[in-house]
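Scroll down for the structure; my scribbles are underneath it.
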Amino acid sequence: MRALFVILALSLAGFAQTSTTTPDSAYWPFDALKHKVLALAEQAPERVKVVTFGTSAGGRPLLALEIGAAPGKQAVFVGANMAGYHNAGSQAALDLAERLIKDAALTATRSYYILPALNPDAHDAMFSKVRYRRSGNGGPLDRDRDGASGEDGPNDLNQDGRITQMRIPDPAGPMTADPNDPRVMIPVGNATTARYRVVTEGLDDDQDGLLNEDGPGGERPDLNFPHQWITGNPEAGTYPGSTPEARAVMEYVLARRNIALAVVYGPANSMLAPPSAAGGTPDADARSFEKLGALYRQSLQQAGLSADRRGAPSVAGGLRNWLYHHYGVMAVEVDIWGIAPRLTVGPKAEEPITIERLEKMSNEEFLALGEPRISAYLKEIKAPGMVSAKMLIDNVKSGRLNPARMAQMMRQMGLKAPPAPASAVASAAPPAGAAGEAGDVMAYLDREAPGAFTPWTPVTLPDGTRAEVGGVDPFATIAPPGNVLVKATAAHSEAVLAMAAQLPRITITALTAEPAGDGMWKVKATVANTQLLPTHPRHGAGIHHHLPVRLGIALGGPATAVAEHRAVTSDNLCLDEACAPAKARGSRWPPRPPTPARTGGKLSSARRLSSDTTSWINPPPPPNTANWPTNRGR
């Protein structure tokens, strides 16, 4: 067994020097992304088409890849980077499209509408000479109402090629340096240390006494949807749908009534913090979101990514909230990648590493142990000398190895990790530093990307004010380096496919026919939705933005229906018993002329169809072998 470990170690050694790409080289500017979309469509023209569904305020096309689209198919909507600076979302959308195009079986029963760059005017801010986050589109916006637009944006005062922050000494300032990590700015609270105003790096270009109050870019499409639209915020638009990007997306979605699941790739993550009943989400929907969240976290863990990090809620006026609250579909938002909390990384400080703990660690949790502790652990288990901590760390970073595989090799060798000595255990404790999310960010940057933080550097503003410029690169916390991006996008493609596999499907679970004499038969049918997702969200049923599920029995051969009722309807069919309160509508809704071709019965619960007495002439109905396709009622 030790020989096996040596052989595996030697095979891994060749990957130890695998380099990682910089964030810029891993991401595509909009023009390159546009050509990629067209190239993908050419790979399978019989299943894929590109639709230009609108034009941005800056004149760029809004593109959609429609894969496997066909009338009657359930569809999954995937919209990316409405925020403009969430370039990782665009890359994830392309990864999903490539996977769907390569495997035709994935679109045999459902369609996908993939919109990879919903804010193309802001998309290229990552690639500009001076990097900065931008969400505004290419239209004009006079934020300070002085008759000019875009005349007072940020300035790169320290010439480091990125816009960070500027702290200005101010006796009444609300911020101060964290005593545990002076790089981090925190609210003053009861501190008696120096106070600062913290603003975006830049000057008062229009000399109106304000700094950076009217930067480049127009209205923000990501704040321009109707649900909870913020009145009085110039960036949120003149009215809901005033931006061409938001309006085009809404028109695109409303024209496609077969969307059964919507996934937004953006800076929030509703899967790590699912909407709850306390926040106004119906109980049944909250349970569905929790189940989707479990599928999502499983995909992250299988890819060696942390599922314990924070999840921010979707913004007011954003796309995800409109899709759920107005369009009435199960909708989630995921951020592709984020920095894991420092205090939850790795085993607890008072507990030793074991094979069982190693097997459950994510890649981030293993890397957070640090080289000294991993070296000590390898020594304790008497690993071959050629297996070094640096080699394992490099291979985990490159994706060639993960903690679960390490644990498997140890089991094959029959190794049992002894308890770690006190000195090694102490080294596992998180280093002292800033608390909270800012501390997590700084710990990650120190370990993985130290150049992403610009030290505070003194500058003198034109009016003589002394200040300091510094802070975190604007994309460091949302755009992972290339080797991590590949794993993150693949994990999210798997998550979307796993969720899509749970789209509702109504199946006949029981079908009986009893002779009633004179060639007549009494039929009783029971159907159920056997999938995780309901036919409609409970909220969608409440806002009546869909037609209810309509169930009927189609006769075959020379049989003739003589029953009064042809079909029954229900607002919602789902696997969860929480759907039971849904009440069936009358069988004549919507009214149609009577026909002898179908018959049905009463709905005894939201997940079961039990027919009333129904008679027809021989032959009896077909055996219980059919699956009834679900229809969102659209």
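Numbering starts fresh at 1 for the residues of each chain in the structure tokens, the chains themselves are lettered A, B, ... in the order given, and ligands are numbered from 1 as they appear.
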
Set out as a tab-separated table a contact list for stretch 242-343 of chain A and stretch 212-235 of chain A with a cut-off of 9 Å, giving each residue of stretch 242-343 of chain A that qualifies its closest atom pair and distance in Å to one decimal, counting only C-alpha atoms, ordered by chain and rising residue number.
residue	atom	partner	partner_atom	distance
A:Ser242	CA	A:Asn224	CA	7.0
A:Thr243	CA	A:Pro221	CA	5.9
A:Pro244	CA	A:Pro221	CA	8.0
A:Glu245	CA	A:Pro221	CA	6.0
A:Ala246	CA	A:Pro221	CA	5.4
A:Arg247	CA	A:Phe225	CA	8.1
A:Met250	CA	A:Phe225	CA	8.4
A:Val315	CA	A:Leu223	CA	7.3
A:Ala316	CA	A:Gln228	CA	5.2
A:Gly317	CA	A:Trp229	CA	4.3
A:Gly318	CA	A:Leu223	CA	5.1
A:Leu319	CA	A:Phe225	CA	6.3
A:Asn321	CA	A:His227	CA	6.4
A:Trp322	CA	A:His227	CA	5.4
A:His325	CA	A:His227	CA	7.0
A:His326	CA	A:His227	CA	7.2

Quick one: residues within 12 Å of A:Ile101, only C-alpha atoms, excluding same-chain residues fewer than 3 positions away - as a list in words?
Val37, Ala39, Leu40, Ala41, Glu42, Gln43, Ala44, Pro45, Glu46, Arg47, Val48, Lys49, Leu65, Glu66, Ile67, Gly68, Leu94, Asp95, Leu96, Ala97, Glu98, Ala104, Ala105, Leu106, Thr107, Ala108, Ser111, Tyr112 and Ile114 of chain A

For the selection you just gave me, I'd like the residues written to a file as a PDB file, in the first residue's frame, keeping N, CA and C atoms.
ATOM      1  N   VAL A  37     -20.344  33.399 -28.300  1.00  0.00           N
ATOM      2  CA  VAL A  37     -21.757  33.028 -28.379  1.00  0.00           C
ATOM      3  C   VAL A  37     -22.117  32.581 -29.794  1.00  0.00           C
ATOM      4  N   ALA A  39     -20.066  31.473 -32.092  1.00  0.00           N
ATOM      5  CA  ALA A  39     -19.347  30.235 -32.406  1.00  0.00           C
ATOM      6  C   ALA A  39     -20.035  29.028 -31.772  1.00  0.00           C
ATOM      7  N   LEU A  40     -20.559  29.181 -30.571  1.00  0.00           N
ATOM      8  CA  LEU A  40     -21.260  28.076 -29.914  1.00  0.00           C
ATOM      9  C   LEU A  40     -22.498  27.677 -30.710  1.00  0.00           C
ATOM     10  N   ALA A  41     -23.220  28.662 -31.210  1.00  0.00           N
ATOM     11  CA  ALA A  41     -24.428  28.363 -31.975  1.00  0.00           C
ATOM     12  C   ALA A  41     -24.106  27.592 -33.246  1.00  0.00           C
ATOM     13  N   GLU A  42     -22.954  27.865 -33.837  1.00  0.00           N
ATOM     14  CA  GLU A  42     -22.572  27.177 -35.071  1.00  0.00           C
ATOM     15  C   GLU A  42     -22.231  25.706 -34.829  1.00  0.00           C
ATOM     16  N   GLN A  43     -21.940  25.341 -33.590  1.00  0.00           N
ATOM     17  CA  GLN A  43     -21.583  23.952 -33.304  1.00  0.00           C
ATOM     18  C   GLN A  43     -22.775  23.009 -33.423  1.00  0.00           C
ATOM     19  N   ALA A  44     -23.974  23.525 -33.182  1.00  0.00           N
ATOM     20  CA  ALA A  44     -25.168  22.672 -33.258  1.00  0.00           C
ATOM     21  C   ALA A  44     -26.347  23.512 -33.740  1.00  0.00           C
ATOM     22  N   PRO A  45     -26.323  23.956 -34.969  1.00  0.00           N
ATOM     23  CA  PRO A  45     -27.369  24.861 -35.461  1.00  0.00           C
ATOM     24  C   PRO A  45     -28.764  24.260 -35.414  1.00  0.00           C
ATOM     25  N   GLU A  46     -28.869  22.940 -35.391  1.00  0.00           N
ATOM     26  CA  GLU A  46     -30.189  22.313 -35.340  1.00  0.00           C
ATOM     27  C   GLU A  46     -30.822  22.420 -33.952  1.00  0.00           C
ATOM     28  N   ARG A  47     -30.003  22.672 -32.926  1.00  0.00           N
ATOM     29  CA  ARG A  47     -30.523  22.763 -31.560  1.00  0.00           C
ATOM     30  C   ARG A  47     -30.320  24.125 -30.915  1.00  0.00           C
ATOM     31  N   VAL A  48     -29.503  24.967 -31.531  1.00  0.00           N
ATOM     32  CA  VAL A  48     -29.111  26.218 -30.891  1.00  0.00           C
ATOM     33  C   VAL A  48     -29.347  27.384 -31.837  1.00  0.00           C
ATOM     34  N   LYS A  49     -29.876  28.450 -31.299  1.00  0.00           N
ATOM     35  CA  LYS A  49     -29.957  29.677 -32.077  1.00  0.00           C
ATOM     36  C   LYS A  49     -29.637  30.865 -31.175  1.00  0.00           C
ATOM     37  N   LEU A  65     -28.754  32.788 -25.962  1.00  0.00           N
ATOM     38  CA  LEU A  65     -28.561  31.465 -26.571  1.00  0.00           C
ATOM     39  C   LEU A  65     -29.763  30.615 -26.200  1.00  0.00           C
ATOM     40  N   GLU A  66     -30.522  30.185 -27.201  1.00  0.00           N
ATOM     41  CA  GLU A  66     -31.669  29.334 -26.962  1.00  0.00           C
ATOM     42  C   GLU A  66     -31.292  27.920 -27.393  1.00  0.00           C
ATOM     43  N   ILE A  67     -31.197  27.031 -26.415  1.00  0.00           N
ATOM     44  CA  ILE A  67     -30.676  25.680 -26.648  1.00  0.00           C
ATOM     45  C   ILE A  67     -31.789  24.668 -26.420  1.00  0.00           C
ATOM     46  N   GLY A  68     -32.069  23.895 -27.463  1.00  0.00           N
ATOM     47  CA  GLY A  68     -33.126  22.891 -27.360  1.00  0.00           C
ATOM     48  C   GLY A  68     -34.515  23.475 -27.278  1.00  0.00           C
ATOM     49  N   LEU A  94     -21.440  30.879 -20.017  1.00  0.00           N
ATOM     50  CA  LEU A  94     -20.819  30.257 -21.193  1.00  0.00           C
ATOM     51  C   LEU A  94     -20.454  28.801 -20.921  1.00  0.00           C
ATOM     52  N   ASP A  95     -19.989  28.508 -19.705  1.00  0.00           N
ATOM     53  CA  ASP A  95     -19.652  27.127 -19.357  1.00  0.00           C
ATOM     54  C   ASP A  95     -20.885  26.238 -19.449  1.00  0.00           C
ATOM     55  N   LEU A  96     -22.017  26.722 -18.934  1.00  0.00           N
ATOM     56  CA  LEU A  96     -23.252  25.942 -19.001  1.00  0.00           C
ATOM     57  C   LEU A  96     -23.684  25.741 -20.450  1.00  0.00           C
ATOM     58  N   ALA A  97     -23.589  26.788 -21.258  1.00  0.00           N
ATOM     59  CA  ALA A  97     -23.974  26.671 -22.667  1.00  0.00           C
ATOM     60  C   ALA A  97     -23.120  25.632 -23.386  1.00  0.00           C
ATOM     61  N   GLU A  98     -21.820  25.658 -23.152  1.00  0.00           N
ATOM     62  CA  GLU A  98     -20.934  24.679 -23.791  1.00  0.00           C
ATOM     63  C   GLU A  98     -21.312  23.263 -23.397  1.00  0.00           C
ATOM     64  N   ALA A 104     -26.432  16.532 -26.153  1.00  0.00           N
ATOM     65  CA  ALA A 104     -27.795  16.778 -26.630  1.00  0.00           C
ATOM     66  C   ALA A 104     -28.844  16.176 -25.704  1.00  0.00           C
ATOM     67  N   ALA A 105     -28.479  15.136 -24.954  1.00  0.00           N
ATOM     68  CA  ALA A 105     -29.448  14.495 -24.062  1.00  0.00           C
ATOM     69  C   ALA A 105     -29.950  15.456 -22.988  1.00  0.00           C
ATOM     70  N   LEU A 106     -29.143  16.452 -22.639  1.00  0.00           N
ATOM     71  CA  LEU A 106     -29.532  17.387 -21.586  1.00  0.00           C
ATOM     72  C   LEU A 106     -30.684  18.292 -22.011  1.00  0.00           C
ATOM     73  N   THR A 107     -30.897  18.420 -23.308  1.00  0.00           N
ATOM     74  CA  THR A 107     -31.984  19.273 -23.796  1.00  0.00           C
ATOM     75  C   THR A 107     -33.070  18.464 -24.505  1.00  0.00           C
ATOM     76  N   ALA A 108     -33.092  17.147 -24.249  1.00  0.00           N
ATOM     77  CA  ALA A 108     -34.100  16.301 -24.900  1.00  0.00           C
ATOM     78  C   ALA A 108     -35.495  16.601 -24.383  1.00  0.00           C
ATOM     79  N   SER A 111     -35.807  23.000 -22.390  1.00  0.00           N
ATOM     80  CA  SER A 111     -35.093  24.038 -23.122  1.00  0.00           C
ATOM     81  C   SER A 111     -34.314  24.916 -22.148  1.00  0.00           C
ATOM     82  N   TYR A 112     -33.318  25.626 -22.683  1.00  0.00           N
ATOM     83  CA  TYR A 112     -32.535  26.567 -21.878  1.00  0.00           C
ATOM     84  C   TYR A 112     -32.440  27.894 -22.627  1.00  0.00           C
ATOM     85  N   ILE A 114     -30.231  31.099 -22.253  1.00  0.00           N
ATOM     86  CA  ILE A 114     -29.035  31.588 -21.553  1.00  0.00           C
ATOM     87  C   ILE A 114     -28.685  32.976 -22.073  1.00  0.00           C
TER      88      ILE A 114
END

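For stretch 444-485 of chain A, backbone-based DSSP labels the following residues as strand (DSSP E): Phe453, Thr454, Pro455, Trp456, Thr457, Pro458, Val459, Thr460, Arg466, Ala467, Glu468, Val469, Gly470, Gly471 and Val472 of chain A.
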
Within 9 Å of A:Glu290, counting only C-alpha atoms, which residues qualify if same-chain residues fewer than 2 places away don't, as a list of chain:residue names?
A:Met271, A:Ala273, A:Pro274, A:Pro275, A:Ser276, A:Asp285, A:Ala286, A:Arg287, A:Ser288, A:Leu292, A:Gly293, A:Ala294, A:Leu295

Those residues you just picked out, can you put them in a file as a PDB file, in the first residue's frame with N, CA, C and O atoms?
ATOM      1  N   MET A 271     -29.063  31.005  -2.444  1.00  0.00           N
ATOM      2  CA  MET A 271     -28.990  29.584  -2.143  1.00  0.00           C
ATOM      3  C   MET A 271     -28.233  29.315  -0.844  1.00  0.00           C
ATOM      4  O   MET A 271     -28.483  28.328  -0.167  1.00  0.00           O
ATOM      5  N   ALA A 273     -28.291  31.526   1.585  1.00  0.00           N
ATOM      6  CA  ALA A 273     -29.211  32.104   2.561  1.00  0.00           C
ATOM      7  C   ALA A 273     -30.593  32.128   1.926  1.00  0.00           C
ATOM      8  O   ALA A 273     -31.070  33.160   1.468  1.00  0.00           O
ATOM      9  N   PRO A 274     -31.277  30.958   1.838  1.00  0.00           N
ATOM     10  CA  PRO A 274     -32.546  30.879   1.122  1.00  0.00           C
ATOM     11  C   PRO A 274     -33.597  31.807   1.704  1.00  0.00           C
ATOM     12  O   PRO A 274     -33.628  32.053   2.915  1.00  0.00           O
ATOM     13  N   PRO A 275     -34.473  32.355   0.859  1.00  0.00           N
ATOM     14  CA  PRO A 275     -35.582  33.183   1.361  1.00  0.00           C
ATOM     15  C   PRO A 275     -36.413  32.391   2.361  1.00  0.00           C
ATOM     16  O   PRO A 275     -36.669  31.196   2.163  1.00  0.00           O
ATOM     17  N   SER A 276     -36.821  33.045   3.428  1.00  0.00           N
ATOM     18  CA  SER A 276     -37.555  32.354   4.485  1.00  0.00           C
ATOM     19  C   SER A 276     -38.996  32.831   4.541  1.00  0.00           C
ATOM     20  O   SER A 276     -39.356  33.869   3.982  1.00  0.00           O
ATOM     21  N   ASP A 285     -43.017  27.584  -0.594  1.00  0.00           N
ATOM     22  CA  ASP A 285     -41.906  28.057  -1.425  1.00  0.00           C
ATOM     23  C   ASP A 285     -40.611  28.065  -0.641  1.00  0.00           C
ATOM     24  O   ASP A 285     -39.544  27.750  -1.174  1.00  0.00           O
ATOM     25  N   ALA A 286     -40.673  28.455   0.638  1.00  0.00           N
ATOM     26  CA  ALA A 286     -39.468  28.462   1.465  1.00  0.00           C
ATOM     27  C   ALA A 286     -38.868  27.064   1.547  1.00  0.00           C
ATOM     28  O   ALA A 286     -37.648  26.895   1.484  1.00  0.00           O
ATOM     29  N   ARG A 287     -39.730  26.044   1.661  1.00  0.00           N
ATOM     30  CA  ARG A 287     -39.219  24.675   1.706  1.00  0.00           C
ATOM     31  C   ARG A 287     -38.591  24.277   0.370  1.00  0.00           C
ATOM     32  O   ARG A 287     -37.586  23.568   0.330  1.00  0.00           O
ATOM     33  N   SER A 288     -39.199  24.721  -0.720  1.00  0.00           N
ATOM     34  CA  SER A 288     -38.627  24.414  -2.039  1.00  0.00           C
ATOM     35  C   SER A 288     -37.261  25.067  -2.194  1.00  0.00           C
ATOM     36  O   SER A 288     -36.319  24.462  -2.720  1.00  0.00           O
ATOM     37  N   LEU A 292     -33.623  23.281  -2.918  1.00  0.00           N
ATOM     38  CA  LEU A 292     -32.709  23.706  -3.978  1.00  0.00           C
ATOM     39  C   LEU A 292     -31.360  24.090  -3.394  1.00  0.00           C
ATOM     40  O   LEU A 292     -30.307  23.803  -3.967  1.00  0.00           O
ATOM     41  N   GLY A 293     -31.381  24.753  -2.233  1.00  0.00           N
ATOM     42  CA  GLY A 293     -30.133  25.123  -1.573  1.00  0.00           C
ATOM     43  C   GLY A 293     -29.298  23.915  -1.206  1.00  0.00           C
ATOM     44  O   GLY A 293     -28.065  23.948  -1.298  1.00  0.00           O
ATOM     45  N   ALA A 294     -29.946  22.828  -0.803  1.00  0.00           N
ATOM     46  CA  ALA A 294     -29.205  21.608  -0.465  1.00  0.00           C
ATOM     47  C   ALA A 294     -28.526  21.038  -1.713  1.00  0.00           C
ATOM     48  O   ALA A 294     -27.371  20.593  -1.653  1.00  0.00           O
ATOM     49  N   LEU A 295     -29.222  21.035  -2.846  1.00  0.00           N
ATOM     50  CA  LEU A 295     -28.604  20.582  -4.099  1.00  0.00           C
ATOM     51  C   LEU A 295     -27.420  21.461  -4.465  1.00  0.00           C
ATOM     52  O   LEU A 295     -26.374  20.974  -4.906  1.00  0.00           O
TER      53      LEU A 295
END

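As for atom CA of A:Ile339 and atom CA of A:Leu323, they are spaced 27.2 Å apart.
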
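Nearest-residue note for A:Gly542: choosing from A:Pro282, A:Pro450, A:Gly153, A:Gly304, the minimum distance belongs to A:Pro282, counting only C-alpha atoms.
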
With a distance cut-off of 8 Å and only C-alpha atoms, select the neighbouring residues of A:Thr454, excluding the residue or stretch itself and same-chain residues fewer than 3 positions from it, and output the selection as a count of residues only.
5

Would you kindly return, as an NGL selection string, each protein, DNA or RNA residue with an atom no farther than 10 Å from any atom of A:Ser362, considering only C-alpha atoms and excluding same-chain residues fewer than 5 positions away?
:A and (300-308 or 345-346 or 367-368 or 396 or 402-404)

When you look at stretch 157-173 of chain A with a cut-off of 9 Å (counting only C-alpha atoms), what residues show up, excluding the ones that are within fewer than 6 positions of it in the same chain? I need them as a ChimeraX atom specification.
/A:128-133,185,188,194-203,454,456-459,465-474

Include C-alpha atoms and write out the residues we just selected as a PDB file, in the first residue's frame.
ATOM      1  CA  SER A 128     -10.099  49.100 -18.650  1.00  0.00           C
ATOM      2  CA  LYS A 129      -6.738  50.794 -18.157  1.00  0.00           C
ATOM      3  CA  VAL A 130      -7.884  51.700 -14.649  1.00  0.00           C
ATOM      4  CA  ARG A 131      -9.979  48.895 -13.145  1.00  0.00           C
ATOM      5  CA  TYR A 132     -13.133  49.858 -11.318  1.00  0.00           C
ATOM      6  CA  ARG A 133     -16.566  48.481 -10.611  1.00  0.00           C
ATOM      7  CA  MET A 185     -11.553  50.552   8.273  1.00  0.00           C
ATOM      8  CA  VAL A 188     -15.785  54.384  15.150  1.00  0.00           C
ATOM      9  CA  ALA A 194      -8.193  58.960  14.680  1.00  0.00           C
ATOM     10  CA  ARG A 195     -11.382  59.436  12.671  1.00  0.00           C
ATOM     11  CA  TYR A 196     -11.739  59.419   8.906  1.00  0.00           C
ATOM     12  CA  ARG A 197     -14.176  59.914   6.088  1.00  0.00           C
ATOM     13  CA  VAL A 198     -13.838  57.023   3.647  1.00  0.00           C
ATOM     14  CA  VAL A 199     -14.736  57.724   0.012  1.00  0.00           C
ATOM     15  CA  THR A 200     -13.924  56.380  -3.423  1.00  0.00           C
ATOM     16  CA  GLU A 201     -10.458  57.301  -4.644  1.00  0.00           C
ATOM     17  CA  GLY A 202     -10.646  60.525  -6.648  1.00  0.00           C
ATOM     18  CA  LEU A 203     -10.826  64.308  -6.858  1.00  0.00           C
ATOM     19  CA  THR A 454      -2.830  48.439  -1.967  1.00  0.00           C
ATOM     20  CA  TRP A 456      -2.478  53.125   2.427  1.00  0.00           C
ATOM     21  CA  THR A 457      -0.372  55.739   0.639  1.00  0.00           C
ATOM     22  CA  PRO A 458      -0.323  59.484   1.492  1.00  0.00           C
ATOM     23  CA  VAL A 459      -1.636  61.875  -1.164  1.00  0.00           C
ATOM     24  CA  THR A 465      -6.111  68.301   2.003  1.00  0.00           C
ATOM     25  CA  ARG A 466      -3.928  65.407   3.124  1.00  0.00           C
ATOM     26  CA  ALA A 467      -5.390  61.940   2.622  1.00  0.00           C
ATOM     27  CA  GLU A 468      -4.385  58.321   2.112  1.00  0.00           C
ATOM     28  CA  VAL A 469      -5.276  56.037  -0.782  1.00  0.00           C
ATOM     29  CA  GLY A 470      -5.422  52.254  -0.534  1.00  0.00           C
ATOM     30  CA  GLY A 471      -7.629  49.220  -0.154  1.00  0.00           C
ATOM     31  CA  VAL A 472      -8.728  46.047  -1.877  1.00  0.00           C
ATOM     32  CA  ASP A 473      -8.733  45.597  -5.642  1.00  0.00           C
ATOM     33  CA  PRO A 474     -12.337  46.161  -6.832  1.00  0.00           C
TER      34      PRO A 474
END

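Shortest atom-to-atom contact with A:Ala500 among A:Met330, A:Thr281, A:Pro548, A:Val253: A:Met330, counting only C-alpha atoms.
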